[in-house]
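With mmCIF, C-alpha atoms inside, this is work.cif:
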```cif
data_run
#
loop_
_atom_site.label_atom_id
_atom_site.label_comp_id
_atom_site.auth_asym_id
_atom_site.auth_seq_id
_atom_site.Cartn_x
_atom_site.Cartn_y
_atom_site.Cartn_z
CA ASP A 1365 36.42 -16.24 -18.65
CA VAL A 1366 34.73 -14.17 -21.37
CA PHE A 1367 31.33 -12.52 -21.05
CA ALA A 1368 29.18 -10.45 -23.37
CA SER A 1369 26.46 -8.02 -22.29
CA GLY A 1370 24.22 -5.39 -23.80
CA ASP A 1371 24.60 -1.76 -22.76
CA THR A 1372 20.91 -0.84 -23.03
CA ASP A 1373 17.76 -2.08 -21.32
CA ILE A 1374 16.92 -4.33 -24.29
CA GLY A 1375 20.46 -5.08 -25.46
CA LEU A 1376 21.99 -8.52 -25.64
CA PRO A 1377 21.67 -10.61 -22.49
CA THR A 1378 24.79 -11.16 -20.39
CA GLN A 1379 26.17 -14.58 -21.26
CA ASP A 1380 29.22 -16.74 -20.67
CA LEU A 1381 31.19 -17.17 -23.90
CA GLY A 1382 33.68 -19.66 -22.52
CA ILE A 1383 37.04 -20.02 -20.77
CA MET A 1384 40.26 -19.79 -22.73
CA GLU A 1385 43.96 -19.42 -22.13
CA ILE A 1386 45.58 -16.52 -24.01
CA GLN A 1387 49.38 -16.27 -24.15
CA GLN A 1388 49.85 -14.18 -27.31
CA ASP A 1389 47.99 -11.84 -29.67
CA THR A 1390 44.77 -13.66 -30.47
CA THR A 1391 41.77 -13.08 -32.72
CA LEU A 1392 38.49 -14.41 -31.32
CA ALA A 1393 35.10 -14.99 -32.91
CA PHE A 1394 31.96 -15.81 -30.94
CA MET A 1395 28.37 -16.67 -31.69
CA VAL A 1396 26.37 -14.50 -29.31
CA SER A 1397 22.78 -15.37 -28.45
CA ALA A 1398 20.17 -12.63 -28.85
CA GLY A 1399 18.22 -14.31 -26.08
CA VAL A 1400 14.48 -13.92 -25.63
CA LEU A 1401 12.49 -10.81 -24.76
CA VAL A 1402 10.78 -10.60 -21.37
CA SER A 1403 8.48 -7.61 -21.08
CA GLY A 1404 5.46 -6.64 -19.05
CA ARG A 1405 4.14 -4.41 -16.32
CA VAL A 1406 4.08 -4.30 -12.53
CA HIS A 1407 1.12 -2.45 -11.05
CA SER A 1408 1.65 -0.53 -7.80
CA ARG A 1409 0.06 2.67 -6.55
CA THR A 1410 3.43 3.75 -5.15
CA PHE A 1411 5.17 4.07 -8.54
CA GLY A 1412 6.03 7.68 -9.24
CA THR A 1413 6.28 8.56 -5.51
CA GLU A 1414 9.45 8.89 -3.41
CA THR A 1415 9.90 5.12 -3.26
CA ARG A 1416 12.47 3.67 -5.65
CA PRO A 1417 11.41 0.28 -7.04
CA GLU A 1418 13.89 -2.15 -8.58
CA LEU A 1419 13.08 -5.29 -10.55
CA THR A 1420 15.52 -8.23 -10.46
CA LEU A 1421 15.45 -11.41 -12.55
CA GLN A 1422 17.67 -14.11 -11.04
CA ALA A 1423 18.28 -17.22 -13.14
CA ALA A 1424 18.67 -20.67 -11.67
CA SER A 1425 22.13 -20.71 -13.27
CA GLY A 1426 23.11 -17.67 -11.18
CA ALA A 1427 22.84 -14.93 -13.83
CA PHE A 1428 21.02 -11.67 -13.10
CA ALA A 1429 19.11 -9.10 -15.14
CA PHE A 1430 18.04 -5.67 -13.87
CA PRO A 1431 15.49 -4.10 -16.24
CA ASP A 1432 14.59 -0.46 -15.75
CA LEU A 1433 11.06 0.13 -14.49
CA ALA A 1434 9.25 3.00 -16.20
CA PRO A 1435 7.08 5.30 -14.04
CA ASP A 1436 4.02 3.30 -15.17
CA GLY A 1437 5.67 0.01 -14.16
CA THR A 1438 6.45 -1.28 -17.66
CA PHE A 1439 9.76 -3.00 -18.44
CA SER A 1440 11.61 -4.92 -21.18
CA VAL A 1441 14.79 -6.98 -21.02
CA ARG A 1442 16.52 -9.67 -23.04
CA VAL A 1443 17.67 -12.80 -21.20
CA THR A 1444 18.89 -16.28 -22.05
CA PRO A 1445 16.30 -19.06 -21.53
CA ASP A 1446 16.28 -20.22 -17.91
CA LEU A 1447 14.16 -20.51 -14.78
CA TYR A 1448 13.90 -17.01 -13.26
CA THR A 1449 12.91 -15.78 -9.82
CA ILE A 1450 11.51 -12.28 -10.29
CA ARG A 1451 11.75 -9.96 -7.30
CA LEU A 1452 10.48 -6.42 -6.77
CA SER A 1453 12.46 -4.38 -4.23
CA PHE A 1454 11.85 -0.97 -2.69
CA THR A 1455 14.02 1.46 -0.76
CA GLY A 1456 13.05 4.57 1.18
CA ASN A 1457 11.02 5.34 4.28
CA GLU A 1458 7.54 3.77 4.55
CA SER A 1459 8.18 1.82 1.34
CA PRO A 1460 5.98 -1.12 0.29
CA PRO A 1461 7.39 -4.57 1.08
CA SER A 1462 9.98 -6.13 -1.19
CA GLN A 1463 8.56 -9.34 -2.64
CA VAL A 1464 9.00 -12.26 -5.01
CA LEU A 1465 6.50 -11.73 -7.81
CA ALA A 1466 6.86 -15.12 -9.49
CA VAL A 1467 9.12 -17.94 -10.58
CA VAL A 1468 8.91 -18.17 -14.37
CA ASP A 1469 10.39 -20.71 -16.79
CA VAL A 1470 11.39 -18.49 -19.73
CA THR A 1471 11.83 -20.40 -22.99
CA GLN A 1472 10.59 -17.83 -25.52
CA ASP A 1473 9.49 -14.19 -25.77
CA THR A 1474 7.30 -13.71 -22.71
CA LEU A 1475 4.76 -11.10 -21.62
CA LEU A 1476 4.14 -10.79 -17.86
CA GLU A 1477 1.90 -8.71 -15.61
CA TRP A 1478 1.55 -8.51 -11.81
CA HIS A 1479 -0.11 -6.47 -9.08
CA ALA A 1480 2.37 -5.83 -6.27
CA LEU A 1481 1.32 -6.45 -2.67
CA GLU A 1482 1.12 -3.12 -0.85
CA GLY A 1483 0.56 -4.34 2.72
CA ASP A 1484 -1.11 -2.66 5.68
CA LEU A 1485 0.57 -0.08 7.87
CA VAL A 1486 1.65 -1.67 11.17
CA ALA A 1487 2.45 0.80 13.96
CA GLY A 1488 4.42 -0.61 16.89
CA ARG A 1489 7.15 0.09 19.43
CA LEU A 1490 10.54 -1.38 20.28
CA VAL A 1491 11.44 -1.29 23.99
CA ASP A 1492 14.16 -2.63 26.27
CA ILE A 1493 13.48 -5.03 29.15
CA HIS A 1494 12.60 -2.03 31.37
CA GLY A 1495 9.92 -0.82 28.95
CA ASP A 1496 11.87 2.19 27.70
CA GLY A 1497 11.73 2.98 23.99
CA VAL A 1498 14.81 2.07 21.91
CA ALA A 1499 15.73 4.85 19.50
CA GLY A 1500 17.59 4.52 16.21
CA ALA A 1501 17.23 0.76 15.84
CA SER A 1502 16.84 -0.89 12.44
CA LEU A 1503 14.01 -3.42 12.21
CA SER A 1504 13.63 -6.06 9.49
CA ALA A 1505 10.73 -8.45 8.95
CA GLN A 1506 10.83 -11.39 6.54
CA THR A 1507 8.50 -14.30 5.90
CA VAL A 1508 9.89 -17.77 6.55
CA GLU A 1509 10.07 -18.46 2.80
CA ALA A 1510 11.80 -15.08 2.24
CA GLN A 1511 9.11 -14.18 -0.27
CA ILE A 1512 8.18 -10.87 1.40
CA SER A 1513 10.32 -8.51 3.47
CA ASN A 1514 10.44 -4.94 4.68
CA SER A 1515 12.37 -2.76 7.09
CA SER A 1516 11.90 0.28 9.31
CA GLN A 1517 13.73 2.58 11.72
CA THR A 1518 12.60 3.37 15.27
CA GLN A 1519 11.95 6.95 16.35
CA ALA A 1520 13.21 8.64 19.53
CA ASP A 1521 10.47 6.98 21.62
CA GLY A 1522 10.98 3.56 20.00
CA THR A 1523 7.90 3.73 17.77
CA PHE A 1524 8.01 2.47 14.19
CA ASP A 1525 5.76 2.09 11.14
CA ILE A 1526 6.13 -0.70 8.60
CA LEU A 1527 4.05 -1.90 5.64
CA LEU A 1528 3.43 -5.66 5.70
CA PRO A 1529 0.85 -7.97 4.06
CA ALA A 1530 -0.82 -10.66 6.17
CA ALA A 1531 1.69 -13.43 7.06
CA THR A 1532 4.03 -14.61 9.82
CA TYR A 1533 7.35 -12.76 9.91
CA ALA A 1534 10.76 -13.42 11.43
CA VAL A 1535 11.86 -10.13 12.99
CA ARG A 1536 15.35 -8.83 13.71
CA ALA A 1537 16.50 -5.61 15.35
CA SER A 1538 19.96 -4.09 15.09
CA LEU A 1539 21.81 -1.26 16.80
CA ALA A 1540 25.15 0.29 15.92
CA GLN A 1541 27.43 2.07 18.36
CA ALA A 1542 31.09 2.98 18.44
CA GLY A 1543 33.00 0.01 17.04
CA LEU A 1544 30.14 -2.46 17.51
CA SER A 1545 27.03 -3.49 15.59
CA VAL A 1546 24.62 -6.03 17.13
CA ASP A 1547 21.68 -7.78 15.48
CA TRP A 1548 19.15 -9.68 17.63
CA ARG A 1549 16.48 -12.18 16.62
CA LEU A 1550 13.09 -11.23 18.11
CA PRO A 1551 9.93 -13.35 18.45
CA ASP A 1552 8.00 -13.93 15.22
CA LEU A 1553 5.32 -11.37 14.38
CA GLU A 1554 1.86 -12.32 13.13
CA ILE A 1555 0.31 -9.82 10.69
CA PRO A 1556 -2.31 -8.46 11.15
CA PRO A 1557 -1.66 -8.20 14.91
CA LEU A 1558 -4.53 -8.24 17.40
CA THR A 1559 -3.01 -5.23 19.18
CA PRO A 1560 -0.22 -2.79 18.23
CA PRO A 1561 2.97 -4.87 18.57
CA VAL A 1562 5.45 -4.11 21.34
CA LEU A 1563 8.80 -5.74 20.55
CA VAL A 1564 11.26 -6.27 23.40
CA LEU A 1565 15.00 -6.11 22.80
CA PRO A 1566 16.79 -9.00 24.57
CA GLY A 1567 18.54 -8.08 27.81
CA GLY A 1568 19.08 -9.10 31.40
CA ALA A 1569 22.64 -10.32 30.78
CA SER A 1570 25.71 -9.17 28.91
CA LEU A 1571 28.72 -10.80 27.30
CA LEU A 1572 32.03 -8.93 27.49
CA THR A 1573 33.75 -9.97 24.29
CA GLN A 1574 37.25 -9.64 22.90
CA ILE A 1575 38.72 -11.80 20.13
CA SER A 1576 42.48 -12.32 19.81
CA ASP A 1577 44.58 -13.81 17.04
CA SER A 1578 47.29 -16.48 17.43
CA SER A 1579 49.68 -13.80 18.70
CA ASP A 1580 47.20 -12.88 21.45
CA ARG A 1581 46.58 -9.55 19.74
CA PRO A 1582 42.95 -8.25 19.91
CA VAL A 1583 41.39 -8.07 16.43
CA PRO A 1584 38.04 -7.09 14.86
CA ALA A 1585 35.76 -10.10 14.46
CA SER A 1586 32.28 -11.42 13.78
CA VAL A 1587 30.56 -13.31 16.61
CA GLU A 1588 27.37 -15.32 16.07
CA LEU A 1589 25.57 -16.77 19.09
CA PHE A 1590 23.21 -19.76 18.76
CA THR A 1591 20.89 -21.30 21.33
CA GLY A 1592 19.88 -24.95 21.63
CA LEU A 1593 21.72 -28.06 20.46
CA PHE A 1594 24.82 -27.26 18.44
CA THR A 1595 27.43 -29.60 16.95
CA LEU A 1596 30.15 -29.06 14.39
CA ASP A 1597 28.52 -31.44 11.91
CA SER A 1598 25.26 -29.47 12.05
CA PHE A 1599 26.61 -25.93 12.15
CA LEU A 1600 25.87 -25.25 8.46
CA HIS A 1601 22.19 -25.97 9.14
CA GLN A 1602 22.39 -23.64 12.13
CA VAL A 1603 24.03 -20.83 10.17
CA ILE A 1604 21.96 -21.08 6.99
CA ASP A 1605 18.54 -22.25 8.19
CA THR A 1606 18.23 -21.33 11.86
CA HIS A 1607 20.13 -18.02 11.86
CA ALA A 1608 21.91 -16.63 14.89
CA GLN A 1609 20.05 -15.48 18.00
CA VAL A 1610 22.64 -12.71 18.23
CA ASP A 1611 24.97 -11.54 15.45
CA ALA A 1612 27.66 -9.08 16.55
CA GLN A 1613 30.18 -7.33 14.36
CA LEU A 1614 33.19 -6.19 16.41
CA GLN A 1615 34.59 -3.52 14.11
CA THR A 1616 37.34 -2.51 16.54
CA PRO A 1617 39.38 -4.83 18.77
CA GLY A 1618 37.33 -4.09 21.91
CA PRO A 1619 36.53 -5.42 24.41
CA HIS A 1620 32.82 -4.94 23.64
CA ARG A 1621 29.75 -5.55 25.76
CA ILE A 1622 26.90 -7.43 24.02
CA ASP A 1623 23.48 -7.32 25.69
CA LEU A 1624 21.47 -10.54 25.46
CA ALA A 1625 18.96 -12.71 27.31
CA PRO A 1626 20.34 -15.05 30.00
CA GLY A 1627 20.92 -18.57 28.71
CA ARG A 1628 23.32 -21.06 27.16
CA TYR A 1629 24.89 -20.05 23.84
CA HIS A 1630 27.26 -21.54 21.30
CA ALA A 1631 29.52 -19.06 19.54
CA LEU A 1632 30.91 -19.04 16.02
CA VAL A 1633 33.80 -16.60 15.74
CA GLN A 1634 35.45 -15.30 12.60
CA PRO A 1635 38.45 -13.01 13.19
CA GLY A 1636 38.33 -10.12 10.79
CA GLY A 1637 34.58 -10.57 10.24
CA PHE A 1638 32.73 -12.45 7.50
CA ASN A 1639 33.80 -9.94 4.85
#
```
Encoding of this model in structure tokens:
Amino acid sequence: DVFASGDTDIGLPTQDLGIMEIQQDTTLAFMVSAGVLVSGRVHSRTFGTETRPELTLQAASGAFAFPDLAPDGTFSVRVTPDLYTIRLSFTGNESPPSQVLAVVDVTQDTLLEWHALEGDLVAGRLVDIHGDGVAGASLSAQTVEAQISNSSQTQADGTFDILLPAATYAVRASLAQAGLSVDWRLPDLEIPPLTPPVLVLPGGASLLTQISDSSDRPVPASVELFTGLFTLDSFLHQVIDTHAQVDAQLQTPGPHRIDLAPGRYHALVQPGGFN
């Protein structure tokens, strides 16, 4: 499978040149497309600060382009004609939300311009079922359509700050400890909130978990727990669309104790994890 790609920001677009079987010394000749030029500017007051923005163009065919963003938000990149989802991502503490800027059908040289959503600062707290702050937890918030997302880390008293534009967000919290990482789904969060949000980590019950292989030998594994109706013929919908109520990565054989809310769960287990 032969590909060609440019080595500069406005070089040739990455493209599939075909599949061929080579069994001896071979001379090849290809016609490489120069593609079309997509250029423009993203406006954000955070450019030039400690945040690190990244622009991604994902084609409907599965190809990607990653143009460099200048400090003033300008960019240029050559791509092959396609339908592109253009996403702006940030990393770093108190970063603006990552977001889909547009879906653009690129058929010719195209000039684009956007103003990135900055969001409002939401200050909240993550607590356990006893009301005590949960330190060192990772929080993620994402709109149902996955157009906007952001993340934060809780402080020693469980407080957190996160930048989010007005919308309804699915929220998850995760904690890592020796040999175990657990990710819980929390109630949806409406932004802006009427009062500072207090998020409660599920608890009140625990599941002592150990996964063994066919030789009855404990092994690392991934365990996803789902609530509600669950059948084998609908599990793909559960996994892809509903998402797990609890997602635990057992990095060592265990046994491991997973805290969760009392209730009926269905488990999907993958020995060795989903990697």
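Coordinates place CA of Pro1556 (chain A) at a distance of 16.8 Å from CA of Ser1516 (chain A).
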Pick from A:Phe1454, A:Phe1394, A:Tyr1533, A:Tyr1448, whichever lies nearest to Leu1419 (chain A) using all atoms listed in the file: A:Phe1454
Hey, what's within 9 Å of Arg1416 (chain A) if we count only C-alpha atoms and toss same-chain stuff fewer than 5 positions away? As a PyMOL selection string, please? chain A and resi 1411+1453-1456+1459
Please check which residues have atoms at most 7 Å from (4.2, 2.3, 21.0) in the file's coordinates, counting all atoms listed in the file, and write them as a CSV table (one decimal) with C-alpha atoms, in the coordinates of the input.
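And here is the file that came out, part_36.csv:
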```
chain,number,residue,atom,x,y,z
A,1488,GLY,CA,4.4,-0.6,16.9
A,1489,ARG,CA,7.2,0.1,19.4
A,1522,GLY,CA,11.0,3.6,20.0
A,1523,THR,CA,7.9,3.7,17.8
A,1562,VAL,CA,5.4,-4.1,21.3
```
Name the residues that the PyMOL selection byres ((chain A and resi 1506) around 12) pulls out of this structure, and write them as an mmCIF file with C-alpha atoms, keeping the file's coordinate frame.
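After the write, part.cif holds the following:
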```
data_model
loop_
_atom_site.group_PDB
_atom_site.id
_atom_site.type_symbol
_atom_site.label_atom_id
_atom_site.label_comp_id
_atom_site.auth_asym_id
_atom_site.auth_seq_id
_atom_site.Cartn_x
_atom_site.Cartn_y
_atom_site.Cartn_z
ATOM 1 C CA PRO A 1461 7.390 -4.570 1.080
ATOM 2 C CA SER A 1462 9.980 -6.130 -1.190
ATOM 3 C CA GLN A 1463 8.560 -9.340 -2.640
ATOM 4 C CA VAL A 1464 9.000 -12.260 -5.010
ATOM 5 C CA LEU A 1503 14.010 -3.420 12.210
ATOM 6 C CA SER A 1504 13.630 -6.060 9.490
ATOM 7 C CA ALA A 1505 10.730 -8.450 8.950
ATOM 8 C CA THR A 1507 8.500 -14.300 5.900
ATOM 9 C CA VAL A 1508 9.890 -17.770 6.550
ATOM 10 C CA GLU A 1509 10.070 -18.460 2.800
ATOM 11 C CA ALA A 1510 11.800 -15.080 2.240
ATOM 12 C CA GLN A 1511 9.110 -14.180 -0.270
ATOM 13 C CA ILE A 1512 8.180 -10.870 1.400
ATOM 14 C CA SER A 1513 10.320 -8.510 3.470
ATOM 15 C CA ASN A 1514 10.440 -4.940 4.680
ATOM 16 C CA SER A 1515 12.370 -2.760 7.090
ATOM 17 C CA ILE A 1526 6.130 -0.700 8.600
ATOM 18 C CA LEU A 1527 4.050 -1.900 5.640
ATOM 19 C CA LEU A 1528 3.430 -5.660 5.700
ATOM 20 C CA PRO A 1529 0.850 -7.970 4.060
ATOM 21 C CA ALA A 1530 -0.820 -10.660 6.170
ATOM 22 C CA ALA A 1531 1.690 -13.430 7.060
ATOM 23 C CA THR A 1532 4.030 -14.610 9.820
ATOM 24 C CA TYR A 1533 7.350 -12.760 9.910
ATOM 25 C CA ALA A 1534 10.760 -13.420 11.430
ATOM 26 C CA VAL A 1535 11.860 -10.130 12.990
ATOM 27 C CA ARG A 1536 15.350 -8.830 13.710
ATOM 28 C CA ALA A 1537 16.500 -5.610 15.350
ATOM 29 C CA ARG A 1549 16.480 -12.180 16.620
ATOM 30 C CA LEU A 1550 13.090 -11.230 18.110
ATOM 31 C CA ASP A 1552 8.000 -13.930 15.220
ATOM 32 C CA LEU A 1553 5.320 -11.370 14.380
ATOM 33 C CA GLU A 1554 1.860 -12.320 13.130
ATOM 34 C CA ILE A 1555 0.310 -9.820 10.690
#
```
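Residue nearest Thr1591 (chain A), chosen from A:Ile1383, A:Val1610, A:Ala1398, A:Ala1542 and counting all atoms listed in the file: A:Val1610.
Across the structure, CA of Asp1547 (chain A) and CA of Phe1590 (chain A) are spaced 12.5 Å apart.
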Counting only C-alpha atoms, find the residues whose atoms lie at most 7 Å from (37.2, -8.6, 15.6) (file coordinates) and write them out as a list in words.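 Returned residue set, sorted by chain then number, is Ile1575, Val1583, Pro1584, Ala1585, Ser1586, Leu1614, Gln1615, Thr1616, Pro1617, Pro1635, Gly1636 and Gly1637 of chain A.
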Might you pull out every residue within 9 Å of region 1428-1432 of chain A, with all atoms listed in the file counted and same-chain residues fewer than 2 positions away left off, and present them as a PyMOL selection string? chain A and resi 1373-1374+1377-1378+1418-1423+1426+1434+1438-1443+1448
With the PyMOL selection byres ((chain A and resi 1487) around 7) as the selection, what would be picked from this file? Answer as a ChimeraX atom specification, please. /A:1485-1486,1488,1524-1526,1560
Once the PyMOL selection byres ((chain A and resi 1564) around 7) has been applied to the shown file, what residues remain in the selection, as a PyMOL selection string? chain A and resi 1490-1493+1562-1563+1565-1566
Might I get the box with edges along x, y and z of the file that holds all atoms of region 1444-1455 of chain A listed there, padded by 3 Å on every side, given as centre and edge lengths in Å to one decimal, as AutoDock Vina command-line options?
```
--center_x 14.7 --center_y -9.5 --center_z -11.4 --size_x 14.4 --size_y 28.0 --size_z 27.3
```
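Relative to CA of Ala1466 (chain A), CA of Arg1405 (chain A) is found at 13.0 Å.
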Could region 1397-1421 of chain A be completed with N, CA, C and O atoms and written as a PDB file, in the coordinates of the input, please?
```
ATOM      1  N   SER A1397      24.221 -15.170 -28.406  1.00  0.00           N
ATOM      2  CA  SER A1397      22.780 -15.370 -28.450  1.00  0.00           C
ATOM      3  C   SER A1397      22.040 -14.052 -28.231  1.00  0.00           C
ATOM      4  O   SER A1397      22.409 -13.258 -27.361  1.00  0.00           O
ATOM      5  N   ALA A1398      21.014 -13.813 -29.040  1.00  0.00           N
ATOM      6  CA  ALA A1398      20.170 -12.630 -28.850  1.00  0.00           C
ATOM      7  C   ALA A1398      19.212 -12.807 -27.695  1.00  0.00           C
ATOM      8  O   ALA A1398      18.587 -11.859 -27.232  1.00  0.00           O
ATOM      9  N   GLY A1399      19.099 -14.051 -27.199  1.00  0.00           N
ATOM     10  CA  GLY A1399      18.220 -14.310 -26.080  1.00  0.00           C
ATOM     11  C   GLY A1399      16.754 -14.191 -26.448  1.00  0.00           C
ATOM     12  O   GLY A1399      16.375 -14.192 -27.626  1.00  0.00           O
ATOM     13  N   VAL A1400      15.918 -14.093 -25.432  1.00  0.00           N
ATOM     14  CA  VAL A1400      14.480 -13.920 -25.630  1.00  0.00           C
ATOM     15  C   VAL A1400      14.058 -12.662 -24.883  1.00  0.00           C
ATOM     16  O   VAL A1400      14.712 -12.219 -23.931  1.00  0.00           O
ATOM     17  N   LEU A1401      12.969 -12.077 -25.315  1.00  0.00           N
ATOM     18  CA  LEU A1401      12.490 -10.810 -24.760  1.00  0.00           C
ATOM     19  C   LEU A1401      11.463 -11.080 -23.668  1.00  0.00           C
ATOM     20  O   LEU A1401      10.461 -11.761 -23.901  1.00  0.00           O
ATOM     21  N   VAL A1402      11.746 -10.565 -22.473  1.00  0.00           N
ATOM     22  CA  VAL A1402      10.780 -10.600 -21.370  1.00  0.00           C
ATOM     23  C   VAL A1402      10.312  -9.169 -21.139  1.00  0.00           C
ATOM     24  O   VAL A1402      11.122  -8.279 -20.880  1.00  0.00           O
ATOM     25  N   SER A1403       9.034  -8.945 -21.270  1.00  0.00           N
ATOM     26  CA  SER A1403       8.480  -7.610 -21.080  1.00  0.00           C
ATOM     27  C   SER A1403       7.175  -7.719 -20.307  1.00  0.00           C
ATOM     28  O   SER A1403       6.602  -8.793 -20.155  1.00  0.00           O
ATOM     29  N   GLY A1404       6.714  -6.604 -19.801  1.00  0.00           N
ATOM     30  CA  GLY A1404       5.460  -6.640 -19.050  1.00  0.00           C
ATOM     31  C   GLY A1404       5.274  -5.396 -18.225  1.00  0.00           C
ATOM     32  O   GLY A1404       5.855  -4.333 -18.495  1.00  0.00           O
ATOM     33  N   ARG A1405       4.474  -5.561 -17.168  1.00  0.00           N
ATOM     34  CA  ARG A1405       4.140  -4.410 -16.320  1.00  0.00           C
ATOM     35  C   ARG A1405       3.881  -4.881 -14.893  1.00  0.00           C
ATOM     36  O   ARG A1405       3.291  -5.937 -14.672  1.00  0.00           O
ATOM     37  N   VAL A1406       4.365  -4.090 -13.951  1.00  0.00           N
ATOM     38  CA  VAL A1406       4.080  -4.300 -12.530  1.00  0.00           C
ATOM     39  C   VAL A1406       3.194  -3.152 -12.077  1.00  0.00           C
ATOM     40  O   VAL A1406       3.551  -1.980 -12.246  1.00  0.00           O
ATOM     41  N   HIS A1407       2.047  -3.481 -11.513  1.00  0.00           N
ATOM     42  CA  HIS A1407       1.120  -2.450 -11.050  1.00  0.00           C
ATOM     43  C   HIS A1407       1.352  -2.190  -9.564  1.00  0.00           C
ATOM     44  O   HIS A1407       1.385  -3.118  -8.752  1.00  0.00           O
ATOM     45  N   SER A1408       1.529  -0.934  -9.199  1.00  0.00           N
ATOM     46  CA  SER A1408       1.650  -0.530  -7.800  1.00  0.00           C
ATOM     47  C   SER A1408       1.285   0.939  -7.699  1.00  0.00           C
ATOM     48  O   SER A1408       1.723   1.757  -8.518  1.00  0.00           O
ATOM     49  N   ARG A1409       0.481   1.277  -6.695  1.00  0.00           N
ATOM     50  CA  ARG A1409       0.060   2.670  -6.550  1.00  0.00           C
ATOM     51  C   ARG A1409       1.198   3.559  -6.069  1.00  0.00           C
ATOM     52  O   ARG A1409       1.064   4.794  -6.065  1.00  0.00           O
ATOM     53  N   THR A1410       2.312   2.958  -5.663  1.00  0.00           N
ATOM     54  CA  THR A1410       3.430   3.750  -5.150  1.00  0.00           C
ATOM     55  C   THR A1410       4.396   4.186  -6.252  1.00  0.00           C
ATOM     56  O   THR A1410       5.270   5.005  -5.999  1.00  0.00           O
ATOM     57  N   PHE A1411       4.273   3.654  -7.462  1.00  0.00           N
ATOM     58  CA  PHE A1411       5.170   4.070  -8.540  1.00  0.00           C
ATOM     59  C   PHE A1411       4.979   5.564  -8.807  1.00  0.00           C
ATOM     60  O   PHE A1411       3.853   6.054  -8.864  1.00  0.00           O
ATOM     61  N   GLY A1412       6.096   6.245  -8.997  1.00  0.00           N
ATOM     62  CA  GLY A1412       6.030   7.680  -9.240  1.00  0.00           C
ATOM     63  C   GLY A1412       6.125   8.487  -7.971  1.00  0.00           C
ATOM     64  O   GLY A1412       6.193   9.711  -8.024  1.00  0.00           O
ATOM     65  N   THR A1413       6.123   7.857  -6.783  1.00  0.00           N
ATOM     66  CA  THR A1413       6.280   8.560  -5.510  1.00  0.00           C
ATOM     67  C   THR A1413       7.760   8.561  -5.132  1.00  0.00           C
ATOM     68  O   THR A1413       8.627   8.295  -5.952  1.00  0.00           O
ATOM     69  N   GLU A1414       8.058   8.824  -3.859  1.00  0.00           N
ATOM     70  CA  GLU A1414       9.450   8.890  -3.410  1.00  0.00           C
ATOM     71  C   GLU A1414      10.104   7.518  -3.322  1.00  0.00           C
ATOM     72  O   GLU A1414      11.321   7.418  -3.210  1.00  0.00           O
ATOM     73  N   THR A1415       9.315   6.459  -3.313  1.00  0.00           N
ATOM     74  CA  THR A1415       9.900   5.120  -3.260  1.00  0.00           C
ATOM     75  C   THR A1415      10.615   4.817  -4.573  1.00  0.00           C
ATOM     76  O   THR A1415      10.231   5.309  -5.632  1.00  0.00           O
ATOM     77  N   ARG A1416      11.642   3.980  -4.478  1.00  0.00           N
ATOM     78  CA  ARG A1416      12.470   3.670  -5.650  1.00  0.00           C
ATOM     79  C   ARG A1416      12.416   2.167  -5.901  1.00  0.00           C
ATOM     80  O   ARG A1416      13.184   1.406  -5.289  1.00  0.00           O
ATOM     81  N   PRO A1417      11.531   1.722  -6.793  1.00  0.00           N
ATOM     82  CA  PRO A1417      11.410   0.280  -7.040  1.00  0.00           C
ATOM     83  C   PRO A1417      12.530  -0.231  -7.946  1.00  0.00           C
ATOM     84  O   PRO A1417      13.045   0.490  -8.799  1.00  0.00           O
ATOM     85  N   GLU A1418      12.889  -1.494  -7.736  1.00  0.00           N
ATOM     86  CA  GLU A1418      13.890  -2.150  -8.580  1.00  0.00           C
ATOM     87  C   GLU A1418      13.426  -3.560  -8.873  1.00  0.00           C
ATOM     88  O   GLU A1418      13.019  -4.286  -7.970  1.00  0.00           O
ATOM     89  N   LEU A1419      13.481  -3.957 -10.136  1.00  0.00           N
ATOM     90  CA  LEU A1419      13.080  -5.290 -10.550  1.00  0.00           C
ATOM     91  C   LEU A1419      14.331  -6.117 -10.828  1.00  0.00           C
ATOM     92  O   LEU A1419      15.247  -5.664 -11.522  1.00  0.00           O
ATOM     93  N   THR A1420      14.372  -7.341 -10.291  1.00  0.00           N
ATOM     94  CA  THR A1420      15.520  -8.230 -10.460  1.00  0.00           C
ATOM     95  C   THR A1420      15.054  -9.571 -10.981  1.00  0.00           C
ATOM     96  O   THR A1420      14.101 -10.154 -10.461  1.00  0.00           O
ATOM     97  N   LEU A1421      15.693 -10.068 -12.037  1.00  0.00           N
ATOM     98  CA  LEU A1421      15.450 -11.410 -12.550  1.00  0.00           C
ATOM     99  C   LEU A1421      16.696 -12.238 -12.252  1.00  0.00           C
ATOM    100  O   LEU A1421      17.780 -11.963 -12.770  1.00  0.00           O
TER     101      LEU A1421
END
```
